[in-house]
Amino acid sequence: MDGLLTVSGVKKKFEDGSMSAESLVSSCLERIKHEDEQTHAFLGLSETAIEEARAVDARRQAGEDLGVLAGIPVAMKDNMLVQGWESTAGALILEGHMGAYNATVTQRLKDAGAILIGRANCDEFAMGSSTETSHWGSTKNPWDTTKVPGGSSGGSAAAVAAGFVPVSLGSDTGGSIRQPASLCGVVGLKPTYGRVSRYGLIALASSLDQIGPFAHTVEDAALILQVIEGKDPHDATSVDLTQTTVPELIEKDVSGLRLGLPKEYFLEDMDPAVKKMVLEAVDRLASAGAKIEEISLPHAEYALAAYYIIQPAEASSNLGRFDGLRYGYHSSGQNLKETYERTRGEGFGREVKRRIMLGSYTLSAGYYDAYYRKALKVRTLIKRDFDEAFKSVDAIVCPTSPSVAWNIGEKFNDPLAMYLADIYTVTANLATVPGISVPCGFVDGLPVGLQILAKPFDEYTLFRIGATYQSLTDWHLRSPDHLPT
Amino acid sequence: MACDDNHPLPLLPPSPRLPPSLKLRGTGRLAGEKEGNLSMKFTREEILQIAKLSRLHLEEDEVEEYRESLGSILDYVAKLQELNTDDVPELQHAAEVKNVFREDVVEGCDGDVRRRAIENFTNREGDLLKVQAVFEGRTE
């Protein structure tokens, strides 16, 4: 695995003295400066990264105990606060907003010695599936720069796929980690709701949002999760974990594991070539000893509709705080109300306004019961489907995305077509279960992802299946420079 | 938003917009999208009223766009009406945690965090956030 930049690979080089944190961080920054013009994965770079890396090297020389991520460069999605960094969530309305404090994930990465190297582009307020709604311009897929990288964490996915950084963080509300991971050919993990603190994450939909890692290998993703997970007094929905993730303990063996293949996830209108790659990956797991069973998630077809009620409803409420007074963009009107309307009208992009309006509508008197309350009930049905399925299987395997990366601009003016890109990922957020996307092949030179879902807080099983699959295949070792074609 | 209006109720039709037919089952795709026979359109006034509730100023071309797109999204999500959910409870809490308590003590704010938060204000007087008059008809 020559060219591949992984945490485990870099750590070995740090330990045997063949690489310093400073040289690694400088070379990452250089590559980004020279090559990111094509991908536009980054919105800004740290000014202190080299200095921080030098400090890590000095501590290593002095024989000090270093954190598990000492000297490892990490990219942060632009919706997570880093003290002193601009933080815009891809939005004009947050132009110039500076992080006043560190998000919990930021603090934990720093405490583990990670070097936060820059902020990664994303859809505006994480609303999108292609990173095209970013006010700062779209990110391009490193495998083919005429294609979208997926979204909303497209910058974080592209940064790892392009080899700019070994790992990055994204956030996943309806697929925003797993789907870009799939489209960019990297590993992306959405942890169980409550595993990772949301403190310092600019909220989209608070009952769905989770932060998670992008990496090339499942082990690297597990390592990052181990650093960022756990109870945080600043997020009351974060959970005291009885079982944490220890990457060294991941078994590369799936024999006897029962894997469910949900029949509702292989709809006839999905790309048949993608379907073929996913089914081949499932076959590979079967030949490694996993037992494959067809299962049913009977309410799967309602998930996207429930999601596109619940998520905009929560978003319309969360985005009420953007008033043009406390941070970011401001446009003065004759009175306060007009100031709000102008600031928000000018400062928010079209997709964000669409979702705020959708949420305001479905929450308004007379419509609440028919839309929002109904969607919460359907959410219960979807969760029950998963509870039922997990009585007979240990994990569920399915596609991450119904297609490979599409052309930039192709779905941009068709919101519903864009929403349908999330059809296989939103269920995990609604049901609060963890999910991972692992590269499982290529169609026309573009990556395909296998999605694995497990019981709440059973990320271990995801890692076990994902790591086994990676030990049997080499899809994840390919990089855009070494395209098979 | 901080201040309310005199029109808390939307000036909208009394029942949810349901598409005339629900030919959506099974495909996950909006059936009428291609045929163009399903899409419900909002009126201009309805869009302006929703925008008002959302504290959004819209340009004319946006009003037109949202008349179409909000209609087609609501057509799609109306799919949920196919399901009988009479006896189903709502999923209200994503995390199965209850009564998360902490000691009732005031935690000070780190001076650096406080300074940075204040520096983000668009308009201030000293350390105070300066805003226009909150109550209509009164001046500063």
# chains A, B, ... in the order shown; residues from 1 in each chain; ligands from 1
$ select_by_dssp --residues "stretch 259-436 of chain A" --states "alpha helix (DSSP H)" --output "NGL selection string"
:A and (272-287 or 300-318 or 336-347 or 350-363 or 374-392 or 415-419 or 426-431)
$ interface_residues --of "chain A" --to "chain B" --cutoff "6 Å" --atoms "only C-alpha atoms" --output "PyMOL selection string"
chain A and resi 100-101+207+237+301+305+320+325-327+336+341-342+344-345+376-377+380
$ write_last_selection --atoms "all heavy atoms" --output "short mmCIF file (atom, residue, chain, number, x, y, z; two decimals), in the first residue's frame"
data_model
loop_
_atom_site.label_atom_id
_atom_site.label_comp_id
_atom_site.auth_asym_id
_atom_site.auth_seq_id
_atom_site.Cartn_x
_atom_site.Cartn_y
_atom_site.Cartn_z
N ALA A 100 -15.69 30.51 18.72
CA ALA A 100 -15.32 31.09 20.02
C ALA A 100 -14.74 30.02 20.94
O ALA A 100 -13.99 30.33 21.86
CB ALA A 100 -16.55 31.74 20.67
N TYR A 101 -15.11 28.78 20.69
CA TYR A 101 -14.64 27.69 21.55
C TYR A 101 -14.44 26.45 20.69
O TYR A 101 -14.81 26.45 19.51
CB TYR A 101 -15.67 27.42 22.67
CG TYR A 101 -17.05 27.03 22.17
CD1 TYR A 101 -17.40 25.69 22.04
CD2 TYR A 101 -17.98 28.00 21.80
CE1 TYR A 101 -18.65 25.33 21.56
CE2 TYR A 101 -19.23 27.64 21.32
CZ TYR A 101 -19.56 26.31 21.21
OH TYR A 101 -20.80 25.95 20.72
N SER A 207 -32.04 15.69 16.30
CA SER A 207 -32.34 14.30 16.66
C SER A 207 -31.74 13.32 15.66
O SER A 207 -31.89 12.11 15.81
CB SER A 207 -33.86 14.08 16.76
OG SER A 207 -34.43 13.86 15.49
N THR A 237 -27.57 14.41 25.23
CA THR A 237 -27.95 13.19 24.51
C THR A 237 -26.74 12.27 24.30
O THR A 237 -26.89 11.20 23.72
CB THR A 237 -28.55 13.51 23.13
OG1 THR A 237 -27.58 14.18 22.33
CG2 THR A 237 -29.80 14.36 23.24
N GLU A 301 -39.70 2.10 2.41
CA GLU A 301 -40.11 3.01 1.33
C GLU A 301 -40.71 4.32 1.85
O GLU A 301 -40.88 5.26 1.08
CB GLU A 301 -41.10 2.31 0.39
CG GLU A 301 -42.42 2.00 1.03
CD GLU A 301 -43.48 1.57 0.01
OE1 GLU A 301 -43.89 2.40 -0.82
OE2 GLU A 301 -43.87 0.41 0.07
N ALA A 305 -39.60 10.01 2.92
CA ALA A 305 -40.68 10.98 3.12
C ALA A 305 -40.70 11.45 4.58
O ALA A 305 -40.83 12.65 4.86
CB ALA A 305 -42.02 10.37 2.72
N GLY A 320 -33.30 29.25 13.31
CA GLY A 320 -33.89 30.49 13.82
C GLY A 320 -32.86 31.40 14.47
O GLY A 320 -33.04 32.61 14.55
N LEU A 325 -27.39 39.27 14.07
CA LEU A 325 -26.97 40.13 15.17
C LEU A 325 -25.78 39.56 15.92
O LEU A 325 -24.83 40.27 16.22
CB LEU A 325 -28.13 40.30 16.17
CG LEU A 325 -29.44 40.84 15.57
CD1 LEU A 325 -30.53 40.82 16.62
CD2 LEU A 325 -29.23 42.25 15.04
N ARG A 326 -25.82 38.27 16.18
CA ARG A 326 -24.81 37.70 17.07
C ARG A 326 -23.58 37.20 16.33
O ARG A 326 -22.52 37.04 16.90
CB ARG A 326 -25.43 36.59 17.91
CG ARG A 326 -26.33 37.15 18.98
CD ARG A 326 -27.16 36.08 19.60
NE ARG A 326 -28.13 35.57 18.64
CZ ARG A 326 -28.83 34.45 18.85
NH1 ARG A 326 -28.65 33.76 19.94
NH2 ARG A 326 -29.71 34.05 17.95
N TYR A 327 -23.76 36.88 15.03
CA TYR A 327 -22.60 36.45 14.27
C TYR A 327 -22.89 36.56 12.78
O TYR A 327 -24.03 36.48 12.35
CB TYR A 327 -22.18 35.01 14.57
CG TYR A 327 -23.20 34.14 15.24
CD1 TYR A 327 -24.44 33.88 14.66
CD2 TYR A 327 -22.92 33.59 16.49
CE1 TYR A 327 -25.37 33.08 15.30
CE2 TYR A 327 -23.84 32.79 17.13
CZ TYR A 327 -25.07 32.54 16.53
OH TYR A 327 -25.98 31.76 17.17
N LEU A 336 -36.39 45.89 13.32
CA LEU A 336 -35.73 44.63 13.65
C LEU A 336 -36.23 43.49 12.77
O LEU A 336 -35.46 42.67 12.27
CB LEU A 336 -35.95 44.31 15.13
CG LEU A 336 -35.16 43.13 15.68
CD1 LEU A 336 -33.66 43.34 15.56
CD2 LEU A 336 -35.53 42.87 17.15
N GLU A 341 -35.46 39.64 8.25
CA GLU A 341 -35.90 39.12 6.95
C GLU A 341 -34.85 39.36 5.86
O GLU A 341 -34.62 38.51 5.02
CB GLU A 341 -37.24 39.75 6.56
CG GLU A 341 -38.38 39.20 7.39
CD GLU A 341 -39.71 39.91 7.16
OE1 GLU A 341 -39.73 40.96 6.49
OE2 GLU A 341 -40.72 39.41 7.67
N ARG A 342 -34.24 40.51 5.92
CA ARG A 342 -33.24 40.81 4.89
C ARG A 342 -31.98 39.99 5.11
O ARG A 342 -31.41 39.44 4.16
CB ARG A 342 -32.92 42.30 4.90
CG ARG A 342 -34.06 43.13 4.34
CD ARG A 342 -33.80 44.58 4.46
NE ARG A 342 -32.71 44.98 3.58
CZ ARG A 342 -32.68 46.15 2.96
NH1 ARG A 342 -33.66 47.01 3.11
NH2 ARG A 342 -31.67 46.45 2.18
N ARG A 344 -31.64 37.16 6.60
CA ARG A 344 -31.87 35.74 6.32
C ARG A 344 -32.16 35.51 4.83
O ARG A 344 -31.72 34.52 4.25
CB ARG A 344 -33.01 35.23 7.21
CG ARG A 344 -32.60 35.19 8.68
CD ARG A 344 -33.80 35.10 9.62
NE ARG A 344 -34.63 33.93 9.41
CZ ARG A 344 -34.36 32.72 9.90
NH1 ARG A 344 -33.29 32.54 10.64
NH2 ARG A 344 -35.17 31.71 9.67
N GLY A 345 -32.92 36.44 4.24
CA GLY A 345 -33.24 36.32 2.82
C GLY A 345 -32.00 36.38 1.95
O GLY A 345 -31.86 35.63 0.98
N LEU A 376 -43.23 11.50 12.87
CA LEU A 376 -42.65 10.94 14.10
C LEU A 376 -43.20 9.53 14.37
O LEU A 376 -42.49 8.67 14.90
CB LEU A 376 -42.94 11.83 15.31
CG LEU A 376 -42.27 13.20 15.33
CD1 LEU A 376 -42.63 13.94 16.62
CD2 LEU A 376 -40.75 13.09 15.22
N LYS A 377 -44.45 9.33 14.01
CA LYS A 377 -45.03 7.99 14.17
C LYS A 377 -44.39 7.01 13.19
O LYS A 377 -44.09 5.88 13.54
CB LYS A 377 -46.55 8.05 13.95
CG LYS A 377 -47.27 8.75 15.09
CD LYS A 377 -48.75 8.90 14.80
CE LYS A 377 -49.49 9.30 16.07
NZ LYS A 377 -50.84 8.75 16.09
N THR A 380 -41.15 5.80 14.35
CA THR A 380 -41.29 4.65 15.27
C THR A 380 -41.40 3.35 14.48
O THR A 380 -40.74 2.36 14.82
CB THR A 380 -42.53 4.82 16.17
OG1 THR A 380 -42.36 6.00 16.96
CG2 THR A 380 -42.74 3.62 17.07
#
$ select_by_dssp --residues "stretch 310-448 of chain A" --states "strand (DSSP E)" --output "list of chain:residue names"
A:Ala395, A:Ile396, A:Val397, A:Cys398, A:Pro399, A:Gly435, A:Ile436, A:Ser437, A:Val438, A:Pro439, A:Cys440, A:Gly441, A:Phe442, A:Val443, A:Leu446, A:Pro447, A:Val448
$ atom_distance --atom1 "atom CA of A:Gly347" --atom2 "atom CA of A:Ile93"
4.2 Å
$ atom_distance --atom1 "atom CA of B:Thr43" --atom2 "atom CA of A:Gln334"
27.5 Å
$ residues_around --residues "B:Glu64" --least-positions-apart "4" --cutoff "8 Å" --atoms "only C-alpha atoms" --output "PyMOL selection string"
chain B and resi 44+60+68
$ residues_around --residues "A:Val218" --least-positions-apart "4" --cutoff "7 Å" --atoms "only C-alpha atoms" --output "number ranges by chain"
A: 187, 222, 463, 466-467
$ atom_distance --atom1 "atom CA of A:Lys374" --atom2 "atom CA of A:Ala300"
15.4 Å
$ residues_around --residues "stretch 279-289 of chain A" --least-positions-apart "5" --cutoff "9 Å" --atoms "only C-alpha atoms" --output "JSON, numbers by chain"
{"A": [253, 254, 255, 256, 257, 259, 261, 274, 397, 398, 399, 440, 441, 450, 465, 468, 469, 472, 473]}
$ write_last_selection --atoms "N, CA and C atoms" --output "CSV table (one decimal), in the first residue's frame"
chain,number,residue,atom,x,y,z
A,253,ASP,N,-12.7,-11.7,10.9
A,253,ASP,CA,-13.4,-12.9,10.7
A,253,ASP,C,-14.9,-12.7,10.9
A,254,VAL,N,-15.6,-13.2,9.8
A,254,VAL,CA,-17.0,-13.0,9.9
A,254,VAL,C,-17.8,-14.4,10.0
A,255,SER,N,-17.0,-15.4,10.2
A,255,SER,CA,-17.7,-16.7,10.1
A,255,SER,C,-18.7,-16.8,11.2
A,256,GLY,N,-19.9,-17.3,10.8
A,256,GLY,CA,-21.0,-17.4,11.7
A,256,GLY,C,-21.9,-16.1,11.9
A,257,LEU,N,-21.4,-15.0,11.4
A,257,LEU,CA,-22.2,-13.8,11.5
A,257,LEU,C,-23.4,-13.9,10.6
A,259,LEU,N,-25.9,-12.0,8.3
A,259,LEU,CA,-26.1,-10.7,7.6
A,259,LEU,C,-27.4,-10.7,6.9
A,261,LEU,N,-30.0,-9.1,4.1
A,261,LEU,CA,-30.1,-8.4,2.9
A,261,LEU,C,-31.5,-7.9,2.7
A,274,VAL,N,-24.3,-0.9,-10.1
A,274,VAL,CA,-24.0,-0.7,-8.6
A,274,VAL,C,-24.5,-1.9,-7.8
A,397,VAL,N,-26.6,-5.6,5.3
A,397,VAL,CA,-25.7,-5.1,4.2
A,397,VAL,C,-26.6,-4.7,3.0
A,398,CYS,N,-26.2,-3.6,2.5
A,398,CYS,CA,-27.0,-3.0,1.4
A,398,CYS,C,-26.2,-1.9,0.7
A,399,PRO,N,-26.7,-1.3,-0.4
A,399,PRO,CA,-25.9,-0.3,-1.1
A,399,PRO,C,-25.9,1.0,-0.2
A,440,CYS,N,-16.4,-0.9,-2.4
A,440,CYS,CA,-16.6,-2.3,-2.8
A,440,CYS,C,-16.6,-2.4,-4.3
A,441,GLY,N,-15.9,-1.5,-5.0
A,441,GLY,CA,-15.8,-1.7,-6.5
A,441,GLY,C,-15.9,-0.4,-7.2
A,450,LEU,N,-20.3,-0.2,-0.1
A,450,LEU,CA,-21.2,-1.2,0.5
A,450,LEU,C,-21.5,-0.6,1.9
A,465,ILE,N,-17.0,-6.5,10.2
A,465,ILE,CA,-17.3,-6.9,8.9
A,465,ILE,C,-16.5,-6.1,7.9
A,468,THR,N,-12.8,-7.2,7.8
A,468,THR,CA,-12.7,-8.5,7.1
A,468,THR,C,-12.8,-8.3,5.6
A,469,TYR,N,-13.8,-7.5,5.2
A,469,TYR,CA,-14.0,-7.2,3.8
A,469,TYR,C,-12.7,-6.6,3.2
A,472,LEU,N,-9.9,-8.8,2.5
A,472,LEU,CA,-10.1,-9.8,1.3
A,472,LEU,C,-10.1,-9.0,0.0
A,473,THR,N,-10.1,-7.7,0.0
A,473,THR,CA,-10.2,-7.0,-1.2
A,473,THR,C,-9.2,-5.8,-1.2
$ residues_around --residues "stretch 109-114 of chain A" --least-positions-apart "6" --cutoff "10 Å" --atoms "only C-alpha atoms" --output "list in words"
Ala49, Glu52, Ala53, Ala55, Val56, Leu66, Gly67, Val68, Leu69, Ala70, Gly71, Ile72, Pro73, Val74, Ala75, Asn102, Ala103, Ile224, Val227 and Ile228 of chain A
$ residues_around --residues "A:Met76" --least-positions-apart "6" --cutoff "6 Å" --atoms "only C-alpha atoms" --output "ChimeraX atom specification"
/A:119-120,168-169
$ write_last_selection --atoms "N, CA, C and O atoms" --output "mmCIF file, in the first residue's frame"
data_model
loop_
_atom_site.group_PDB
_atom_site.id
_atom_site.type_symbol
_atom_site.label_atom_id
_atom_site.label_comp_id
_atom_site.auth_asym_id
_atom_site.auth_seq_id
_atom_site.Cartn_x
_atom_site.Cartn_y
_atom_site.Cartn_z
ATOM 1 N N ARG A 119 -10.193 23.395 7.184
ATOM 2 C CA ARG A 119 -11.640 23.158 7.229
ATOM 3 C C ARG A 119 -12.136 22.754 5.849
ATOM 4 O O ARG A 119 -11.791 23.356 4.830
ATOM 5 N N ALA A 120 -12.947 21.699 5.857
ATOM 6 C CA ALA A 120 -13.373 21.072 4.608
ATOM 7 C C ALA A 120 -14.730 21.621 4.175
ATOM 8 O O ALA A 120 -15.613 21.875 4.997
ATOM 9 N N SER A 168 -10.469 12.473 8.236
ATOM 10 C CA SER A 168 -11.186 13.739 8.407
ATOM 11 C C SER A 168 -12.455 13.462 9.179
ATOM 12 O O SER A 168 -12.852 12.305 9.344
ATOM 13 N N LEU A 169 -13.088 14.529 9.638
ATOM 14 C CA LEU A 169 -14.394 14.376 10.278
ATOM 15 C C LEU A 169 -15.472 14.966 9.393
ATOM 16 O O LEU A 169 -15.263 15.981 8.723
#
$ decode --residues "stretch 321-346 of chain A" --atoms "N, CA, C and O atoms" --output "PDB file, in the first residue's frame"
ATOM      1  N   ARG A 321     -31.754  30.811  14.923  1.00  0.00           N
ATOM      2  CA  ARG A 321     -30.753  31.609  15.641  1.00  0.00           C
ATOM      3  C   ARG A 321     -29.972  32.550  14.717  1.00  0.00           C
ATOM      4  O   ARG A 321     -29.289  33.449  15.188  1.00  0.00           O
ATOM      5  N   PHE A 322     -30.052  32.336  13.428  1.00  0.00           N
ATOM      6  CA  PHE A 322     -29.268  33.178  12.522  1.00  0.00           C
ATOM      7  C   PHE A 322     -30.047  34.452  12.230  1.00  0.00           C
ATOM      8  O   PHE A 322     -30.884  34.510  11.348  1.00  0.00           O
ATOM      9  N   ASP A 323     -29.746  35.454  13.051  1.00  0.00           N
ATOM     10  CA  ASP A 323     -30.547  36.673  13.067  1.00  0.00           C
ATOM     11  C   ASP A 323     -29.762  37.880  12.574  1.00  0.00           C
ATOM     12  O   ASP A 323     -30.263  38.995  12.572  1.00  0.00           O
ATOM     13  N   GLY A 324     -28.504  37.652  12.194  1.00  0.00           N
ATOM     14  CA  GLY A 324     -27.698  38.771  11.705  1.00  0.00           C
ATOM     15  C   GLY A 324     -27.172  39.663  12.817  1.00  0.00           C
ATOM     16  O   GLY A 324     -26.608  40.718  12.553  1.00  0.00           O
ATOM     17  N   LEU A 325     -27.387  39.275  14.067  1.00  0.00           N
ATOM     18  CA  LEU A 325     -26.974  40.127  15.171  1.00  0.00           C
ATOM     19  C   LEU A 325     -25.780  39.560  15.916  1.00  0.00           C
ATOM     20  O   LEU A 325     -24.834  40.266  16.224  1.00  0.00           O
ATOM     21  N   ARG A 326     -25.823  38.274  16.182  1.00  0.00           N
ATOM     22  CA  ARG A 326     -24.806  37.703  17.069  1.00  0.00           C
ATOM     23  C   ARG A 326     -23.582  37.195  16.330  1.00  0.00           C
ATOM     24  O   ARG A 326     -22.524  37.036  16.899  1.00  0.00           O
ATOM     25  N   TYR A 327     -23.757  36.885  15.033  1.00  0.00           N
ATOM     26  CA  TYR A 327     -22.600  36.453  14.267  1.00  0.00           C
ATOM     27  C   TYR A 327     -22.891  36.562  12.781  1.00  0.00           C
ATOM     28  O   TYR A 327     -24.027  36.479  12.349  1.00  0.00           O
ATOM     29  N   GLY A 328     -21.848  36.727  12.032  1.00  0.00           N
ATOM     30  CA  GLY A 328     -21.930  36.601  10.582  1.00  0.00           C
ATOM     31  C   GLY A 328     -22.586  37.764   9.860  1.00  0.00           C
ATOM     32  O   GLY A 328     -22.581  38.908  10.308  1.00  0.00           O
ATOM     33  N   TYR A 329     -23.165  37.406   8.725  1.00  0.00           N
ATOM     34  CA  TYR A 329     -23.732  38.360   7.761  1.00  0.00           C
ATOM     35  C   TYR A 329     -24.848  39.192   8.389  1.00  0.00           C
ATOM     36  O   TYR A 329     -25.638  38.696   9.190  1.00  0.00           O
ATOM     37  N   HIS A 330     -24.908  40.470   7.999  1.00  0.00           N
ATOM     38  CA  HIS A 330     -25.934  41.370   8.547  1.00  0.00           C
ATOM     39  C   HIS A 330     -26.417  42.287   7.437  1.00  0.00           C
ATOM     40  O   HIS A 330     -25.624  42.830   6.681  1.00  0.00           O
ATOM     41  N   SER A 331     -27.727  42.436   7.329  1.00  0.00           N
ATOM     42  CA  SER A 331     -28.276  43.385   6.360  1.00  0.00           C
ATOM     43  C   SER A 331     -29.354  44.188   7.069  1.00  0.00           C
ATOM     44  O   SER A 331     -30.348  43.630   7.524  1.00  0.00           O
ATOM     45  N   SER A 332     -29.130  45.487   7.202  1.00  0.00           N
ATOM     46  CA  SER A 332     -30.020  46.334   7.999  1.00  0.00           C
ATOM     47  C   SER A 332     -31.327  46.648   7.301  1.00  0.00           C
ATOM     48  O   SER A 332     -31.345  46.935   6.110  1.00  0.00           O
ATOM     49  N   GLY A 333     -32.398  46.604   8.076  1.00  0.00           N
ATOM     50  CA  GLY A 333     -33.693  47.040   7.569  1.00  0.00           C
ATOM     51  C   GLY A 333     -34.216  48.201   8.395  1.00  0.00           C
ATOM     52  O   GLY A 333     -33.541  48.675   9.318  1.00  0.00           O
ATOM     53  N   GLN A 334     -35.429  48.625   8.083  1.00  0.00           N
ATOM     54  CA  GLN A 334     -36.058  49.757   8.782  1.00  0.00           C
ATOM     55  C   GLN A 334     -36.302  49.459  10.260  1.00  0.00           C
ATOM     56  O   GLN A 334     -36.299  50.347  11.089  1.00  0.00           O
ATOM     57  N   ASN A 335     -36.596  48.202  10.526  1.00  0.00           N
ATOM     58  CA  ASN A 335     -36.826  47.801  11.908  1.00  0.00           C
ATOM     59  C   ASN A 335     -36.236  46.405  12.107  1.00  0.00           C
ATOM     60  O   ASN A 335     -35.700  45.818  11.172  1.00  0.00           O
ATOM     61  N   LEU A 336     -36.387  45.891  13.324  1.00  0.00           N
ATOM     62  CA  LEU A 336     -35.725  44.628  13.645  1.00  0.00           C
ATOM     63  C   LEU A 336     -36.225  43.487  12.770  1.00  0.00           C
ATOM     64  O   LEU A 336     -35.458  42.670  12.266  1.00  0.00           O
ATOM     65  N   LYS A 337     -37.556  43.454  12.572  1.00  0.00           N
ATOM     66  CA  LYS A 337     -38.133  42.368  11.794  1.00  0.00           C
ATOM     67  C   LYS A 337     -37.599  42.402  10.357  1.00  0.00           C
ATOM     68  O   LYS A 337     -37.258  41.364   9.788  1.00  0.00           O
ATOM     69  N   GLU A 338     -37.514  43.598   9.822  1.00  0.00           N
ATOM     70  CA  GLU A 338     -37.005  43.706   8.462  1.00  0.00           C
ATOM     71  C   GLU A 338     -35.514  43.329   8.398  1.00  0.00           C
ATOM     72  O   GLU A 338     -35.060  42.753   7.415  1.00  0.00           O
ATOM     73  N   THR A 339     -34.794  43.649   9.459  1.00  0.00           N
ATOM     74  CA  THR A 339     -33.386  43.239   9.519  1.00  0.00           C
ATOM     75  C   THR A 339     -33.269  41.718   9.497  1.00  0.00           C
ATOM     76  O   THR A 339     -32.443  41.164   8.771  1.00  0.00           O
ATOM     77  N   TYR A 340     -34.124  41.068  10.285  1.00  0.00           N
ATOM     78  CA  TYR A 340     -34.126  39.600  10.259  1.00  0.00           C
ATOM     79  C   TYR A 340     -34.398  39.092   8.852  1.00  0.00           C
ATOM     80  O   TYR A 340     -33.709  38.221   8.333  1.00  0.00           O
ATOM     81  N   GLU A 341     -35.455  39.639   8.251  1.00  0.00           N
ATOM     82  CA  GLU A 341     -35.898  39.123   6.948  1.00  0.00           C
ATOM     83  C   GLU A 341     -34.853  39.364   5.862  1.00  0.00           C
ATOM     84  O   GLU A 341     -34.616  38.506   5.016  1.00  0.00           O
ATOM     85  N   ARG A 342     -34.244  40.513   5.916  1.00  0.00           N
ATOM     86  CA  ARG A 342     -33.238  40.813   4.889  1.00  0.00           C
ATOM     87  C   ARG A 342     -31.980  39.988   5.109  1.00  0.00           C
ATOM     88  O   ARG A 342     -31.412  39.439   4.163  1.00  0.00           O
ATOM     89  N   THR A 343     -31.536  39.954   6.371  1.00  0.00           N
ATOM     90  CA  THR A 343     -30.319  39.178   6.673  1.00  0.00           C
ATOM     91  C   THR A 343     -30.503  37.734   6.232  1.00  0.00           C
ATOM     92  O   THR A 343     -29.648  37.154   5.560  1.00  0.00           O
ATOM     93  N   ARG A 344     -31.637  37.157   6.597  1.00  0.00           N
ATOM     94  CA  ARG A 344     -31.869  35.744   6.318  1.00  0.00           C
ATOM     95  C   ARG A 344     -32.161  35.506   4.834  1.00  0.00           C
ATOM     96  O   ARG A 344     -31.718  34.523   4.252  1.00  0.00           O
ATOM     97  N   GLY A 345     -32.917  36.442   4.245  1.00  0.00           N
ATOM     98  CA  GLY A 345     -33.239  36.317   2.823  1.00  0.00           C
ATOM     99  C   GLY A 345     -32.001  36.381   1.954  1.00  0.00           C
ATOM    100  O   GLY A 345     -31.857  35.633   0.983  1.00  0.00           O
ATOM    101  N   GLU A 346     -31.068  37.281   2.327  1.00  0.00           N
ATOM    102  CA  GLU A 346     -29.844  37.431   1.532  1.00  0.00           C
ATOM    103  C   GLU A 346     -28.763  36.432   1.954  1.00  0.00           C
ATOM    104  O   GLU A 346     -27.978  35.984   1.133  1.00  0.00           O
TER     105      GLU A 346
END
